[in-house]
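*Asks:* The structure that follows is given in the form of structure tokens.
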Amino acid sequence: MDPLVILGTGLAGYTLAREFRKHDPDTPLLLVTADDGAFYSKPMLSNALAQGKTPEQLITASAERMAEQLGAEIRTFTRARLLEPASHRLETNQGDHRYRQLVLALGADPIRLPLEGNGVDAVLSINDRLDYARFREALGPGDRVIILGAGLIGCEFANDLAATGHAVEVVDLAPHPLASLAPAPVGSALAAALAGLGVGWHMERSAQRVDRQDGGFRVVLDDDSVLEGDLVLSAVGLRPRTGLARDAGLATGRGIRVDRLLRTTSPEIFALGDCAEVEGRVLPFVMPIMHAARALAATLSGAPTPVRYPAMPVVVKTPAWPLAVSPPPPESQGAWHIEQPEGGIEALYRDAGGHLLGFAVGGSAAGRRQALARELPPVLG
């Protein structure tokens, strides 16, 4: 019997495999991964310094241990080259595999800025544990770190680095941190809290050049101002990995397009996680992956189950100013309403009828997250 093949061993791939085994302990299961296949919590990468965790200590199970737990074969350091939906064939650098069904859990790649200068090749991005290991190897005690990007990941790393004795400068085109997730008063309050740890902010600015200088780097911004640091970390976002699917003739947009069963335009190929686009939505967070994996495991076991997403607030790992956000859908019509209780901010996004569509709560108001989430409509009902 041809196996169920899962391409990717991140949170999406491994969670799906575990959920599938709850339904079906017998079908042959093959996981193919481009890295070492170790299981770890990716969200912990952005606060591992403060937690005192090395890259190796983040691992909770090796690929060998995961294979034993799942009753699966795991091919590590194996890269997919070609996908042939008509013949159910996956070609890799370690040989070909036939599949009964195939799941693409490919993740996403860091977006690279169009920078100039002789230091561009040394700009680091952190998208997995091996990236993080390279970052930690390069990071020395008290090093100055320039972070490009003031989104979720940039802010979390800024907090983690500043809290562990590193000088941090953050550069972003937006007028305030977390601009795509929260309104200005929330972003400004977070910026002020992190500034208290020594983080410098360069908002409405962009990096133009990165040059090597005296063992470190010189970053030139668009107003010709200069930042000097020992490391440059890019955290400007992720782009779903769609190339393999696109080359195989599957429909792609921002991500690999799938229906509510997470099925691509080839009926035996599915996608979930950071690479998947479900009804126009790409949701690179933990909770959507968990809901999608449970639904897809049931579907693959013979019980077609459409994915449903409830309201899924995101807890931002910035201990300097606790924060939770649930941004309104992009097509929403409404307005932010801001209240500032002592030591915090509660920002509520309501439509004309007063219905809550999103929120951002920080500081002393962060504990309101669960109560507010119960008022929100589902992301995908």
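Every chain in the structure tokens has a letter given in the order shown (A, B, ...), and although residue numbers restart at 1 in each chain, ligands are simply numbered from 1 in the order shown.
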For region 151-155 of chain A, please output as a PyMOL selection string all residues within 9 Å (counting only C-alpha atoms; exclusion window: fewer than 5 positions along the same chain).
*Replies:* chain A and resi 46+160+170+172+177-181+190-191+194+233-237+316-318
*Asks:* Using N, CA and C atoms, can you export the residues from the last selection as a JSON list (two decimals), in the first residue's frame?
*Replies:*
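As a result, part-v8.json now contains:
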```json
[["chain", "number", "residue", "atom", "x", "y", "z"],
["A", 46, "SER", "N", 11.74, 32.97, 19.86],
["A", 46, "SER", "CA", 11.84, 34.41, 20.10],
["A", 46, "SER", "C", 11.92, 34.78, 21.58],
["A", 160, "ASP", "N", 13.41, 40.09, 23.89],
["A", 160, "ASP", "CA", 14.27, 39.02, 24.37],
["A", 160, "ASP", "C", 15.74, 39.46, 24.41],
["A", 170, "VAL", "N", 15.61, 49.06, 16.27],
["A", 170, "VAL", "CA", 14.59, 48.48, 15.40],
["A", 170, "VAL", "C", 14.21, 49.49, 14.32],
["A", 172, "ASP", "N", 11.64, 50.23, 10.91],
["A", 172, "ASP", "CA", 10.44, 49.81, 10.21],
["A", 172, "ASP", "C", 9.83, 51.00, 9.48],
["A", 177, "PRO", "N", 5.13, 50.22, 16.02],
["A", 177, "PRO", "CA", 5.26, 48.76, 16.01],
["A", 177, "PRO", "C", 3.91, 48.07, 15.90],
["A", 178, "LEU", "N", 3.94, 46.84, 15.37],
["A", 178, "LEU", "CA", 2.74, 46.01, 15.22],
["A", 178, "LEU", "C", 1.64, 46.70, 14.43],
["A", 179, "ALA", "N", 2.04, 47.47, 13.41],
["A", 179, "ALA", "CA", 1.07, 48.29, 12.68],
["A", 179, "ALA", "C", 0.00, 47.46, 11.97],
["A", 180, "SER", "N", 0.30, 46.23, 11.58],
["A", 180, "SER", "CA", -0.68, 45.40, 10.88],
["A", 180, "SER", "C", -1.61, 44.66, 11.85],
["A", 181, "LEU", "N", -1.32, 44.74, 13.15],
["A", 181, "LEU", "CA", -2.09, 43.97, 14.13],
["A", 181, "LEU", "C", -2.84, 44.82, 15.13],
["A", 190, "LEU", "N", 3.66, 49.81, 23.52],
["A", 190, "LEU", "CA", 4.65, 48.75, 23.48],
["A", 190, "LEU", "C", 6.04, 49.32, 23.22],
["A", 191, "ALA", "N", 6.13, 50.26, 22.29],
["A", 191, "ALA", "CA", 7.42, 50.88, 21.99],
["A", 191, "ALA", "C", 8.00, 51.56, 23.22],
["A", 194, "LEU", "N", 9.36, 48.90, 25.67],
["A", 194, "LEU", "CA", 10.63, 48.31, 25.23],
["A", 194, "LEU", "C", 11.75, 49.36, 25.25],
["A", 233, "LEU", "N", 19.54, 41.55, 11.99],
["A", 233, "LEU", "CA", 18.51, 40.51, 11.95],
["A", 233, "LEU", "C", 17.30, 41.03, 11.18],
["A", 234, "SER", "N", 16.94, 40.33, 10.12],
["A", 234, "SER", "CA", 15.77, 40.72, 9.32],
["A", 234, "SER", "C", 14.55, 39.97, 9.81],
["A", 235, "ALA", "N", 13.48, 40.72, 10.11],
["A", 235, "ALA", "CA", 12.23, 40.12, 10.59],
["A", 235, "ALA", "C", 11.06, 40.86, 9.94],
["A", 236, "VAL", "N", 11.07, 40.88, 8.61],
["A", 236, "VAL", "CA", 10.07, 41.67, 7.88],
["A", 236, "VAL", "C", 8.91, 40.84, 7.37],
["A", 237, "GLY", "N", 8.84, 39.58, 7.75],
["A", 237, "GLY", "CA", 7.70, 38.77, 7.36],
["A", 237, "GLY", "C", 8.09, 37.52, 6.62],
["A", 316, "VAL", "N", 1.31, 38.08, 22.32],
["A", 316, "VAL", "CA", 2.62, 38.57, 21.90],
["A", 316, "VAL", "C", 3.58, 38.37, 23.06],
["A", 317, "LYS", "N", 4.72, 37.74, 22.79],
["A", 317, "LYS", "CA", 5.68, 37.42, 23.85],
["A", 317, "LYS", "C", 6.61, 38.61, 24.10],
["A", 318, "THR", "N", 6.03, 39.64, 24.73],
["A", 318, "THR", "CA", 6.79, 40.83, 25.13],
["A", 318, "THR", "C", 6.54, 41.06, 26.61]]
```
*Asks:* Quick one: DSSP strand (DSSP E) residues in region 7-37 of chain A, as a list in words?
*Replies:* Leu7, Leu29, Leu30, Leu31 and Val32 of chain A
*Asks:* Output N, CA and C atoms of each residue in that selection to a file, as a CSV table (one decimal), in the first residue's frame.
*Replies:*
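Result file selection.csv:
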```
chain,number,residue,atom,x,y,z
A,7,LEU,N,4.9,16.2,3.7
A,7,LEU,CA,6.1,16.9,3.3
A,7,LEU,C,6.3,18.1,4.2
A,29,LEU,N,3.0,5.6,6.9
A,29,LEU,CA,3.1,7.0,7.0
A,29,LEU,C,4.6,7.4,6.8
A,30,LEU,N,4.8,8.3,5.8
A,30,LEU,CA,6.1,8.8,5.5
A,30,LEU,C,6.2,10.3,5.6
A,31,LEU,N,7.1,10.8,6.4
A,31,LEU,CA,7.4,12.2,6.5
A,31,LEU,C,8.7,12.6,5.9
A,32,VAL,N,8.7,13.6,5.1
A,32,VAL,CA,9.9,14.0,4.4
A,32,VAL,C,10.2,15.4,4.8
```
*Asks:* Restrict the calculation to only C-alpha atoms, then for each residue of region 86-179 of chain A with any atom at most 9 Å from an atom of region 11-26 of chain A give the closest atom pair and their distance in Å to one decimal, rows by chain and rising residue number, as a Markdown table.
*Replies:*
```
| residue | atom | partner | partner_atom | distance |
| --- | --- | --- | --- | --- |
| A:Val103 | CA | A:Gly13 | CA | 8.2 |
| A:Leu104 | CA | A:Gly13 | CA | 8.2 |
| A:Ala105 | CA | A:Gly13 | CA | 5.5 |
| A:Leu106 | CA | A:Gly13 | CA | 8.3 |
| A:Gly107 | CA | A:Ala12 | CA | 8.2 |
```
*Asks:* Write out as a list in words each polymer residue whose atoms come within 10 Å of region 88-100 of chain A, counting only C-alpha atoms; drop sequence neighbours fewer than 5 positions from it.
*Replies:*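 The residues satisfying every condition are Met1, Asp2, Pro3, Leu4, Val5, Ile6, Leu7, Thr27, Pro28, Leu29, Leu30, Val32, Ala34, Arg75, Thr76, Phe77, Thr78, Arg79, Ala80, Arg81, Leu82, Leu83, Glu268 and Ile269 of chain A.
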*Asks:* Would you mind exporting the chosen residues as a tab-separated table (two decimals), in the first residue's frame, restricted to C-alpha atoms?
*Replies:*
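What follows is the written file result04.tsv:
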```tsv
chain	number	residue	atom	x	y	z
A	1	MET	CA	0.00	0.00	0.00
A	2	ASP	CA	1.34	3.43	-0.91
A	3	PRO	CA	1.82	5.64	2.15
A	4	LEU	CA	0.32	8.88	3.25
A	5	VAL	CA	3.21	11.29	2.67
A	6	ILE	CA	3.59	14.49	4.68
A	7	LEU	CA	6.11	16.94	3.26
A	27	THR	CA	-1.70	3.13	7.17
A	28	PRO	CA	1.96	3.52	6.16
A	29	LEU	CA	3.11	7.04	7.00
A	30	LEU	CA	6.14	8.79	5.51
A	32	VAL	CA	9.91	14.00	4.37
A	34	ALA	CA	14.66	19.20	4.47
A	75	ARG	CA	13.43	10.97	5.75
A	76	THR	CA	15.65	13.82	6.99
A	77	PHE	CA	17.72	16.28	4.96
A	78	THR	CA	15.61	15.34	1.96
A	79	ARG	CA	14.48	18.04	-0.46
A	80	ALA	CA	11.51	17.75	-2.80
A	81	ARG	CA	12.40	18.46	-6.41
A	82	LEU	CA	9.31	17.60	-8.43
A	83	LEU	CA	5.71	16.70	-7.82
A	268	GLU	CA	-5.24	13.66	-3.46
A	269	ILE	CA	-2.98	16.56	-2.48
```
*Asks:* Any idea what's packed within 10 Å of Ala162 (chain A), counting only C-alpha atoms, ignoring anything in its chain fewer than 5 positions away? Could you give it as a list in words?
*Replies:* Ala50, Gly142, Arg144, Val145, Phe157, Ala167, Val168, Glu169, Leu194, Ala195, Gly196, Leu197, Gly198, Val199 and Ala320 of chain A
*Asks:* Counting only C-alpha atoms, which of A:Ser62, A:Gln57, A:Gln101, A:Gln340 gets nearest to Ser301 (chain A)?
*Replies:*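 When distances to Ser301 (chain A) are compared using only C-alpha atoms, the smallest one comes from A:Gln101.
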*Asks:* Near Arg239 (chain A), counting only C-alpha atoms, which residues have an atom at most 9 Å away, once you skip same-chain residues fewer than 4 positions from it, shown as a VMD selection string?
*Replies:* chain A and resid 107 to 111 254 to 255 274 to 275
